[in-house]
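Shown below: work.cif, with mmCIF, C-alpha atoms and all ligand atoms.
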```cif
data_my_file
#
loop_
_atom_site.group_PDB
_atom_site.id
_atom_site.type_symbol
_atom_site.label_atom_id
_atom_site.label_comp_id
_atom_site.auth_asym_id
_atom_site.auth_seq_id
_atom_site.Cartn_x
_atom_site.Cartn_y
_atom_site.Cartn_z
ATOM 1 C CA MET A 1 -44.283 -1.891 -42.246
ATOM 2 C CA THR A 2 -40.965 -0.339 -43.292
ATOM 3 C CA LEU A 3 -38.831 -3.406 -43.983
ATOM 4 C CA PRO A 4 -35.193 -3.048 -42.959
ATOM 5 C CA PRO A 5 -32.605 -4.207 -45.529
ATOM 6 C CA GLU A 6 -32.101 -7.967 -45.161
ATOM 7 C CA ASP A 7 -28.329 -7.621 -45.215
ATOM 8 C CA HIS A 8 -28.376 -5.242 -42.246
ATOM 9 C CA PRO A 9 -26.348 -6.819 -39.395
ATOM 10 C CA ARG A 10 -29.167 -6.025 -36.965
ATOM 11 C CA TYR A 11 -31.948 -7.198 -39.298
ATOM 12 C CA LYS A 12 -33.742 -9.393 -36.725
ATOM 13 C CA SER A 13 -33.677 -6.688 -34.094
ATOM 14 C CA LEU A 14 -34.929 -4.039 -36.540
ATOM 15 C CA MET A 15 -37.716 -6.367 -37.703
ATOM 16 C CA ALA A 16 -38.834 -6.870 -34.103
ATOM 17 C CA ARG A 17 -39.053 -3.095 -33.663
ATOM 18 C CA GLU A 18 -41.057 -2.808 -36.893
ATOM 19 C CA LYS A 19 -43.494 -5.484 -35.695
ATOM 20 C CA LEU A 20 -44.070 -3.604 -32.438
ATOM 21 C CA VAL A 21 -44.607 -0.316 -34.249
ATOM 22 C CA GLU A 22 -46.926 -2.013 -36.754
ATOM 23 C CA ALA A 23 -49.062 -3.331 -33.877
ATOM 24 C CA ALA A 24 -49.101 0.094 -32.210
ATOM 25 C CA ASP A 25 -52.850 0.008 -31.499
ATOM 26 C CA ALA A 26 -52.522 -3.234 -29.595
ATOM 27 C CA VAL A 27 -49.159 -2.693 -27.858
ATOM 28 C CA ALA A 28 -49.037 -0.284 -24.916
ATOM 29 C CA ARG A 29 -46.434 2.451 -25.352
ATOM 30 C CA GLN A 30 -44.921 1.302 -22.084
ATOM 31 C CA GLY A 31 -44.328 -2.012 -23.883
ATOM 32 C CA LEU A 32 -41.866 -0.284 -26.208
ATOM 33 C CA ILE A 33 -39.792 0.732 -23.203
ATOM 34 C CA ALA A 34 -39.883 -2.833 -21.854
ATOM 35 C CA HIS A 35 -38.674 -4.046 -25.258
ATOM 36 C CA GLY A 36 -35.690 -1.692 -25.138
ATOM 37 C CA ARG A 37 -34.741 -2.999 -21.716
ATOM 38 C CA GLY A 38 -34.891 -6.536 -23.087
ATOM 39 C CA GLU A 39 -32.669 -5.629 -26.072
ATOM 40 C CA ALA A 40 -30.004 -4.266 -23.741
ATOM 41 C CA PHE A 41 -29.857 -7.531 -21.786
ATOM 42 C CA ASP A 42 -29.769 -9.531 -25.017
ATOM 43 C CA TYR A 43 -26.570 -7.686 -25.969
ATOM 44 C CA LEU A 44 -25.045 -8.774 -22.676
ATOM 45 C CA LEU A 45 -25.982 -12.390 -23.435
ATOM 46 C CA GLY A 46 -24.487 -12.142 -26.937
ATOM 47 C CA GLU A 47 -27.964 -12.635 -28.497
ATOM 48 C CA GLN A 48 -27.835 -16.382 -27.931
ATOM 49 C CA THR A 49 -29.590 -19.025 -25.846
ATOM 50 C CA CYS A 50 -27.097 -19.642 -23.061
ATOM 51 C CA PRO A 51 -26.646 -23.137 -21.485
ATOM 52 C CA PRO A 52 -28.533 -22.309 -18.237
ATOM 53 C CA ALA A 53 -31.446 -21.010 -20.357
ATOM 54 C CA MET A 54 -31.533 -24.410 -22.096
ATOM 55 C CA ASP A 55 -31.777 -26.089 -18.653
ATOM 56 C CA ALA A 56 -34.654 -23.745 -17.740
ATOM 57 C CA ILE A 57 -36.378 -24.522 -21.059
ATOM 58 C CA ARG A 58 -36.260 -28.247 -20.258
ATOM 59 C CA ALA A 59 -37.612 -27.619 -16.726
ATOM 60 C CA ALA A 60 -40.413 -25.434 -18.121
ATOM 61 C CA ALA A 61 -41.314 -28.043 -20.727
ATOM 62 C CA SER A 62 -41.469 -30.696 -18.035
ATOM 63 C CA MET A 63 -43.886 -28.537 -16.002
ATOM 64 C CA MET A 64 -46.080 -27.932 -19.038
ATOM 65 C CA VAL A 65 -46.122 -31.621 -19.968
ATOM 66 C CA GLY A 66 -47.152 -32.554 -16.402
ATOM 67 C CA ALA A 67 -49.805 -29.829 -16.100
ATOM 68 C CA THR A 68 -53.537 -30.532 -15.926
ATOM 69 C CA ASN A 69 -54.620 -27.115 -17.108
ATOM 70 C CA PRO A 70 -51.704 -25.150 -18.581
ATOM 71 C CA VAL A 71 -52.255 -21.585 -19.791
ATOM 72 C CA ILE A 72 -50.038 -19.277 -21.854
ATOM 73 C CA SER A 73 -50.707 -15.703 -20.744
ATOM 74 C CA VAL A 74 -49.881 -13.170 -23.464
ATOM 75 C CA ASN A 75 -49.631 -9.379 -23.596
ATOM 76 C CA GLY A 76 -49.302 -6.932 -26.497
ATOM 77 C CA ASN A 77 -45.541 -7.364 -26.974
ATOM 78 C CA VAL A 78 -45.824 -11.158 -26.961
ATOM 79 C CA VAL A 79 -48.619 -11.219 -29.548
ATOM 80 C CA ALA A 80 -46.948 -8.597 -31.789
ATOM 81 C CA LEU A 81 -43.613 -10.439 -31.747
ATOM 82 C CA ALA A 82 -44.581 -14.091 -31.533
ATOM 83 C CA ALA A 83 -48.252 -14.871 -32.266
ATOM 84 C CA ARG A 84 -47.309 -17.800 -34.539
ATOM 85 C CA GLU A 85 -44.763 -19.232 -32.095
ATOM 86 C CA VAL A 86 -47.340 -19.014 -29.266
ATOM 87 C CA ALA A 87 -49.927 -20.739 -31.482
ATOM 88 C CA HIS A 88 -47.497 -23.541 -32.196
ATOM 89 C CA LEU A 89 -46.634 -24.035 -28.516
ATOM 90 C CA SER A 90 -50.342 -24.021 -27.636
ATOM 91 C CA GLU A 91 -51.044 -26.677 -30.250
ATOM 92 C CA VAL A 92 -48.201 -28.961 -29.134
ATOM 93 C CA SER A 93 -48.712 -28.518 -25.361
ATOM 94 C CA GLY A 94 -52.511 -28.289 -25.285
ATOM 95 C CA ALA A 95 -52.213 -25.026 -23.298
ATOM 96 C CA LYS A 96 -54.969 -22.434 -23.601
ATOM 97 C CA VAL A 97 -53.945 -18.891 -24.519
ATOM 98 C CA GLU A 98 -55.273 -15.918 -22.553
ATOM 99 C CA ILE A 99 -54.824 -12.229 -23.349
ATOM 100 C CA ASN A 100 -53.776 -10.733 -20.026
ATOM 101 C CA LEU A 101 -52.883 -7.047 -19.975
ATOM 102 C CA PHE A 102 -51.323 -4.679 -17.484
ATOM 103 C CA HIS A 103 -52.691 -1.670 -19.415
ATOM 104 C CA ARG A 104 -56.036 -3.308 -20.128
ATOM 105 C CA THR A 105 -58.727 -1.790 -22.365
ATOM 106 C CA PRO A 106 -61.521 -3.695 -24.168
ATOM 107 C CA GLU A 107 -60.181 -2.338 -27.481
ATOM 108 C CA ARG A 108 -56.678 -3.719 -26.900
ATOM 109 C CA VAL A 109 -58.041 -7.079 -25.743
ATOM 110 C CA ALA A 110 -60.204 -7.258 -28.897
ATOM 111 C CA ALA A 111 -57.299 -6.287 -31.197
ATOM 112 C CA LEU A 112 -54.976 -8.894 -29.655
ATOM 113 C CA THR A 113 -57.722 -11.549 -29.765
ATOM 114 C CA ARG A 114 -58.020 -10.859 -33.507
ATOM 115 C CA MET A 115 -54.253 -11.111 -33.978
ATOM 116 C CA MET A 116 -54.168 -14.477 -32.147
ATOM 117 C CA GLY A 117 -57.144 -15.560 -34.269
ATOM 118 C CA ASP A 118 -55.128 -14.761 -37.409
ATOM 119 C CA ALA A 119 -52.445 -17.092 -36.035
ATOM 120 C CA GLY A 120 -55.065 -19.829 -35.598
ATOM 121 C CA VAL A 121 -55.794 -19.583 -31.854
ATOM 122 C CA LYS A 122 -59.084 -18.742 -30.186
ATOM 123 C CA ALA A 123 -57.665 -16.809 -27.238
ATOM 124 C CA LEU A 124 -59.475 -16.218 -23.948
ATOM 125 C CA GLY A 125 -59.580 -12.713 -22.494
ATOM 126 C CA GLU A 126 -62.723 -10.922 -23.583
ATOM 127 C CA ASN A 127 -64.883 -12.700 -20.996
ATOM 128 C CA ASP A 128 -62.898 -11.421 -17.991
ATOM 129 C CA ASP A 129 -65.092 -12.813 -15.211
ATOM 130 C CA ALA A 130 -62.413 -13.326 -12.510
ATOM 131 C CA ASN A 131 -59.753 -11.382 -10.632
ATOM 132 C CA ILE A 132 -56.176 -12.084 -9.602
ATOM 133 C CA PRO A 133 -56.300 -11.522 -5.810
ATOM 134 C CA GLY A 134 -53.999 -8.846 -4.401
ATOM 135 C CA LEU A 135 -54.071 -6.641 -7.512
ATOM 136 C CA THR A 136 -56.200 -3.587 -8.062
ATOM 137 C CA SER A 137 -57.631 -1.925 -11.185
ATOM 138 C CA GLU A 138 -57.962 -3.353 -14.691
ATOM 139 C CA ARG A 139 -54.672 -5.262 -14.445
ATOM 140 C CA ALA A 140 -56.323 -7.711 -11.995
ATOM 141 C CA LYS A 141 -58.848 -9.031 -14.521
ATOM 142 C CA CYS A 142 -58.612 -12.562 -15.914
ATOM 143 C CA CYS A 143 -60.817 -15.441 -17.076
ATOM 144 C CA SER A 144 -62.087 -18.168 -14.727
ATOM 145 C CA ASP A 145 -61.653 -20.870 -17.393
ATOM 146 C CA GLY A 146 -58.122 -19.639 -18.196
ATOM 147 C CA ILE A 147 -55.727 -18.164 -15.640
ATOM 148 C CA GLY A 148 -58.364 -18.511 -12.886
ATOM 149 C CA SER A 149 -58.306 -22.322 -13.032
ATOM 150 C CA ALA A 150 -54.791 -22.917 -14.438
ATOM 151 C CA ASP A 151 -52.273 -24.985 -12.481
ATOM 152 C CA VAL A 152 -49.277 -24.015 -14.650
ATOM 153 C CA ILE A 153 -48.954 -20.592 -16.306
ATOM 154 C CA LEU A 154 -46.364 -19.517 -18.847
ATOM 155 C CA VAL A 155 -46.285 -15.740 -18.604
ATOM 156 C CA PRO A 156 -43.538 -14.174 -20.732
ATOM 157 C CA LEU A 157 -42.469 -10.519 -20.297
ATOM 158 C CA GLU A 158 -44.466 -10.064 -17.110
ATOM 159 C CA ASP A 159 -44.455 -7.319 -14.511
ATOM 160 C CA GLY A 160 -43.005 -8.352 -11.130
ATOM 161 C CA ASP A 161 -46.068 -7.420 -9.113
ATOM 162 C CA ARG A 162 -48.400 -9.565 -11.188
ATOM 163 C CA CYS A 163 -45.938 -12.456 -11.249
ATOM 164 C CA ARG A 164 -45.889 -12.371 -7.420
ATOM 165 C CA ALA A 165 -49.722 -12.312 -7.345
ATOM 166 C CA LEU A 166 -49.882 -15.422 -9.575
ATOM 167 C CA VAL A 167 -47.370 -17.260 -7.377
ATOM 168 C CA ASP A 168 -49.402 -16.241 -4.300
ATOM 169 C CA MET A 169 -52.512 -17.754 -5.977
ATOM 170 C CA GLY A 170 -50.683 -21.104 -5.858
ATOM 171 C CA LYS A 171 -49.942 -21.264 -9.580
ATOM 172 C CA GLN A 172 -46.741 -22.800 -10.903
ATOM 173 C CA VAL A 173 -45.287 -19.883 -12.852
ATOM 174 C CA ILE A 174 -42.870 -20.033 -15.791
ATOM 175 C CA THR A 175 -41.566 -16.806 -17.262
ATOM 176 C CA ILE A 176 -39.375 -15.750 -20.177
ATOM 177 C CA ASP A 177 -37.429 -12.603 -19.323
ATOM 178 C CA LEU A 178 -34.106 -11.330 -20.660
ATOM 179 C CA ASN A 179 -33.383 -9.549 -17.393
ATOM 180 C CA PRO A 180 -32.161 -12.083 -14.797
ATOM 181 C CA LEU A 181 -32.398 -9.378 -12.115
ATOM 182 C CA SER A 182 -36.027 -8.368 -12.670
ATOM 183 C CA ARG A 183 -38.530 -9.026 -9.899
ATOM 184 C CA THR A 184 -40.388 -11.347 -12.271
ATOM 185 C CA ALA A 185 -37.237 -13.369 -12.970
ATOM 186 C CA GLN A 186 -36.578 -13.624 -9.235
ATOM 187 C CA THR A 187 -40.177 -14.552 -8.328
ATOM 188 C CA ALA A 188 -41.199 -17.159 -10.927
ATOM 189 C CA HIS A 189 -40.678 -20.881 -10.298
ATOM 190 C CA VAL A 190 -38.874 -21.300 -13.632
ATOM 191 C CA THR A 191 -37.272 -18.303 -15.374
ATOM 192 C CA ILE A 192 -35.989 -18.720 -18.910
ATOM 193 C CA VAL A 193 -33.513 -15.886 -19.475
ATOM 194 C CA ASP A 194 -33.718 -15.769 -23.240
ATOM 195 C CA GLU A 195 -35.266 -13.728 -26.027
ATOM 196 C CA LEU A 196 -38.930 -14.592 -26.576
ATOM 197 C CA THR A 197 -38.867 -15.507 -30.277
ATOM 198 C CA ARG A 198 -35.600 -17.435 -29.933
ATOM 199 C CA CYS A 199 -36.850 -19.389 -26.936
ATOM 200 C CA LEU A 200 -40.437 -20.343 -27.885
ATOM 201 C CA PRO A 201 -39.507 -22.798 -30.696
ATOM 202 C CA LEU A 202 -36.969 -24.462 -28.353
ATOM 203 C CA LEU A 203 -39.623 -24.759 -25.649
ATOM 204 C CA THR A 204 -42.105 -26.230 -28.135
ATOM 205 C CA GLU A 205 -39.533 -28.778 -29.261
ATOM 206 C CA SER A 206 -38.774 -29.697 -25.656
ATOM 207 C CA VAL A 207 -42.513 -30.162 -24.887
ATOM 208 C CA ARG A 208 -42.794 -32.363 -27.973
ATOM 209 C CA ASP A 209 -39.842 -34.456 -26.759
ATOM 210 C CA GLY A 210 -41.717 -34.953 -23.448
ATOM 211 C CA SER A 211 -38.946 -33.433 -21.339
ATOM 212 C CA GLU A 212 -38.815 -34.714 -17.725
ATOM 213 C CA VAL A 213 -36.904 -32.683 -15.135
ATOM 214 C CA GLU A 214 -37.147 -33.739 -11.487
ATOM 215 C CA ASP A 215 -35.352 -30.982 -9.616
ATOM 216 C CA PHE A 216 -34.705 -27.472 -10.813
ATOM 217 C CA ASP A 217 -33.442 -24.639 -8.636
ATOM 218 C CA ASN A 218 -34.415 -21.299 -10.156
ATOM 219 C CA LYS A 219 -32.164 -19.186 -7.941
ATOM 220 C CA LYS A 220 -29.138 -21.323 -8.804
ATOM 221 C CA ASN A 221 -30.026 -21.193 -12.493
ATOM 222 C CA LEU A 222 -30.248 -17.385 -12.391
ATOM 223 C CA GLN A 223 -26.828 -17.305 -10.709
ATOM 224 C CA LYS A 224 -25.487 -19.378 -13.600
ATOM 225 C CA VAL A 225 -26.958 -16.926 -16.125
ATOM 226 C CA ILE A 226 -25.329 -13.995 -14.308
ATOM 227 C CA GLY A 227 -22.082 -15.998 -14.235
ATOM 228 C CA PHE A 228 -22.398 -16.602 -17.980
ATOM 229 C CA ILE A 229 -22.849 -12.861 -18.630
ATOM 230 C CA SER A 230 -19.955 -11.766 -16.413
ATOM 231 C CA ASP A 231 -17.672 -14.420 -17.834
ATOM 232 C CA ARG A 232 -18.549 -13.303 -21.352
ATOM 233 C CA LEU A 233 -17.982 -9.637 -20.534
ATOM 234 C CA SER A 234 -14.651 -10.346 -18.872
ATOM 235 C CA ARG A 235 -13.411 -11.971 -22.099
ATOM 236 C CA ILE A 236 -14.403 -9.102 -24.414
ATOM 237 C CA GLU A 237 -11.296 -7.220 -25.562
HETATM 238 P P1 LIG N 1 -40.017 -6.328 -12.966
HETATM 239 O O1 LIG N 1 -41.317 -5.647 -12.640
HETATM 240 O O2 LIG N 1 -40.203 -7.799 -13.201
HETATM 241 O O3 LIG N 1 -38.890 -6.028 -12.018
HETATM 242 P P2 LIG N 1 -39.784 -4.589 -15.298
HETATM 243 O O4 LIG N 1 -40.155 -3.392 -14.537
HETATM 244 O O5 LIG N 1 -38.670 -4.519 -16.294
HETATM 245 O O6 LIG N 1 -39.447 -5.825 -14.377
HETATM 246 P P3 LIG N 1 -41.666 -4.939 -17.340
HETATM 247 O O7 LIG N 1 -41.145 -3.727 -17.994
HETATM 248 O O8 LIG N 1 -43.124 -5.142 -17.240
HETATM 249 O O9 LIG N 1 -41.103 -5.110 -15.914
HETATM 250 O O10 LIG N 1 -41.047 -6.271 -17.922
HETATM 251 C C1 LIG N 1 -40.708 -6.563 -19.167
HETATM 252 C C2 LIG N 1 -39.536 -7.518 -19.072
HETATM 253 O O11 LIG N 1 -39.488 -8.233 -20.283
HETATM 254 C C3 LIG N 1 -38.192 -6.802 -18.920
HETATM 255 O O12 LIG N 1 -37.479 -7.385 -17.856
HETATM 256 C C4 LIG N 1 -37.462 -7.054 -20.250
HETATM 257 O O13 LIG N 1 -36.092 -7.320 -20.012
HETATM 258 C C5 LIG N 1 -38.162 -8.291 -20.754
HETATM 259 N N1 LIG N 1 -38.252 -8.365 -22.222
HETATM 260 C C6 LIG N 1 -38.616 -7.386 -23.098
HETATM 261 N N2 LIG N 1 -38.636 -7.834 -24.355
HETATM 262 C C7 LIG N 1 -38.271 -9.148 -24.303
HETATM 263 C C8 LIG N 1 -38.121 -10.179 -25.282
HETATM 264 N N3 LIG N 1 -38.345 -9.961 -26.580
HETATM 265 N N4 LIG N 1 -37.759 -11.412 -24.862
HETATM 266 C C9 LIG N 1 -37.560 -11.664 -23.533
HETATM 267 N N5 LIG N 1 -37.683 -10.734 -22.564
HETATM 268 C C10 LIG N 1 -38.033 -9.496 -22.933
#
```
As a first step, turn the structure in this file into structure tokens.
Ligand code: ATP
Amino acid sequence: MTLPPEDHPRYKSLMAREKLVEAADAVARQGLIAHGRGEAFDYLLGEQTCPPAMDAIRAAASMMVGATNPVISVNGNVVALAAREVAHLSEVSGAKVEINLFHRTPERVAALTRMMGDAGVKALGENDDANIPGLTSERAKCCSDGIGSADVILVPLEDGDRCRALVDMGKQVITIDLNPLSRTAQTAHVTIVDELTRCLPLLTESVRDGSEVEDFDNKKNLQKVIGFISDRLSRIE
């Protein structure tokens, strides 16, 4: 890994890019494009966890705490950027972790399983004995003892089509997505519009606190995020 200088003003962002490049065998090239889209939205947010994102974090924690069989579904970007943070959330919430890929190959599943293993988690994914109904090709595959039987799924950085398919399966879906306008953000039951590595420790803390949220309106929360962005932009001189 080529380490960026620590005093560089964009050190964290450059480190994230390095991590993705370092994990190039496990991260789909398309994932690099998705990362760039996320970075652009993070600029608009001012690279901070905005107040409506904190409300969504508490709602997501409440869903995870109340779940019978929660699962954290991870792809290449998520593992490359946040394997340790995912491991910590899994430990605190009791959620299983499943490798679930849009661009699925046995080699990538094996590489990501190893990376999660290095972070201390035995991830599901290699025994892909079930399908997500409504999807075709390799991207439909999942595990019956993971996503197949989950009641609550946290699926960060997901594609809109697959998010819709999970909702249609009757799952309660939480996503983390910097783009409040993406189809995933609009389809999930709880959307946390925040950067993955910034948000996961906050979510873990909220699960540990035993957060209880009775009513959460995702559409209204997304409106508040968009309001936060436009308000911020209108004040920039
Ligand atoms: P959709 O299909 O949901 O309309 P999309 O075509 O952008 O959206 P993908 O490219 O699969 O779908 O989604 C990746 C999403 O993840 C993007 O919306 C991007 O903003 C977001 N994203 C990328 N990196 C991060 C990150 N580090 N933290 C949070 N969100 C991120």
- Query: By how many Å are atom CA of A:Glu205 and atom CA of A:Asn77 apart?
  - Reply: 22.4 Å
- Message: Could you list, as JSON, numbers by chain, every residue within 10 Å of A:Leu32, counting all atoms listed in the file and ignoring same-chain residues fewer than 2 positions away?
- Response: {"A": [17, 20, 21, 24, 27, 28, 29, 30, 34, 35, 36, 37, 38, 76, 77]}
- The residue from A:Leu222, A:Arg84, A:Ile132, A:Ala26 with the smallest atom-to-atom distance to A:Thr204, counting all atoms listed in the file, is A:Arg84
- Query: Hey, which residues come within 9 Å of ligand LIG 1 (chain N) if we count all atoms listed in the file? Could you give them as a VMD selection string?
  - Reply: chain A and resid 16 30 to 42 77 to 78 81 to 82 102 156 to 163 175 to 187 192 to 199
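Using the PyMOL selection byres (((chain A and resi 92-94) around 9) and not hetatm) on this structure selects Ala61, Met64, Val65, Asn69, Pro70, Val71, Ala87, His88, Leu89, Ser90, Glu91, Ala95, Lys96, Thr204, Glu205, Val207 and Arg208 of chain A.
Nearest to A:Glu138 of all the residues A:Ala23, A:Val109, A:Val97, A:Leu202 is A:Val109, counting all atoms listed in the file.
Between atom CA of A:Cys142 and atom CA of A:Leu166 the interatomic distance comes to 11.2 Å.
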- Leaving out stretch 115-130 of chain A and any residue of its chain fewer than 3 positions from it, which residues lie within 8 Å of it when counting all atoms listed in the file, given as number ranges by chain? A: 79, 83-84, 87, 96-100, 106, 109-112, 141-144, 146, 148
Please provide as a JSON list (two decimals) with C-alpha atoms, keeping the file's coordinate frame all residues within 12 Å of A:Asp217, with the sequence filter that same-chain residues fewer than 5 positions apart are discarded (counting only C-alpha atoms).
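Heads up, here's the output in part.json:
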```
[["chain", "number", "residue", "atom", "x", "y", "z"],
["A", 52, "PRO", "CA", -28.53, -22.31, -18.24],
["A", 55, "ASP", "CA", -31.78, -26.09, -18.65],
["A", 56, "ALA", "CA", -34.65, -23.74, -17.74],
["A", 59, "ALA", "CA", -37.61, -27.62, -16.73],
["A", 60, "ALA", "CA", -40.41, -25.43, -18.12],
["A", 186, "GLN", "CA", -36.58, -13.62, -9.24],
["A", 188, "ALA", "CA", -41.20, -17.16, -10.93],
["A", 189, "HIS", "CA", -40.68, -20.88, -10.30],
["A", 190, "VAL", "CA", -38.87, -21.30, -13.63],
["A", 191, "THR", "CA", -37.27, -18.30, -15.37],
["A", 222, "LEU", "CA", -30.25, -17.39, -12.39],
["A", 223, "GLN", "CA", -26.83, -17.30, -10.71],
["A", 224, "LYS", "CA", -25.49, -19.38, -13.60]]
```
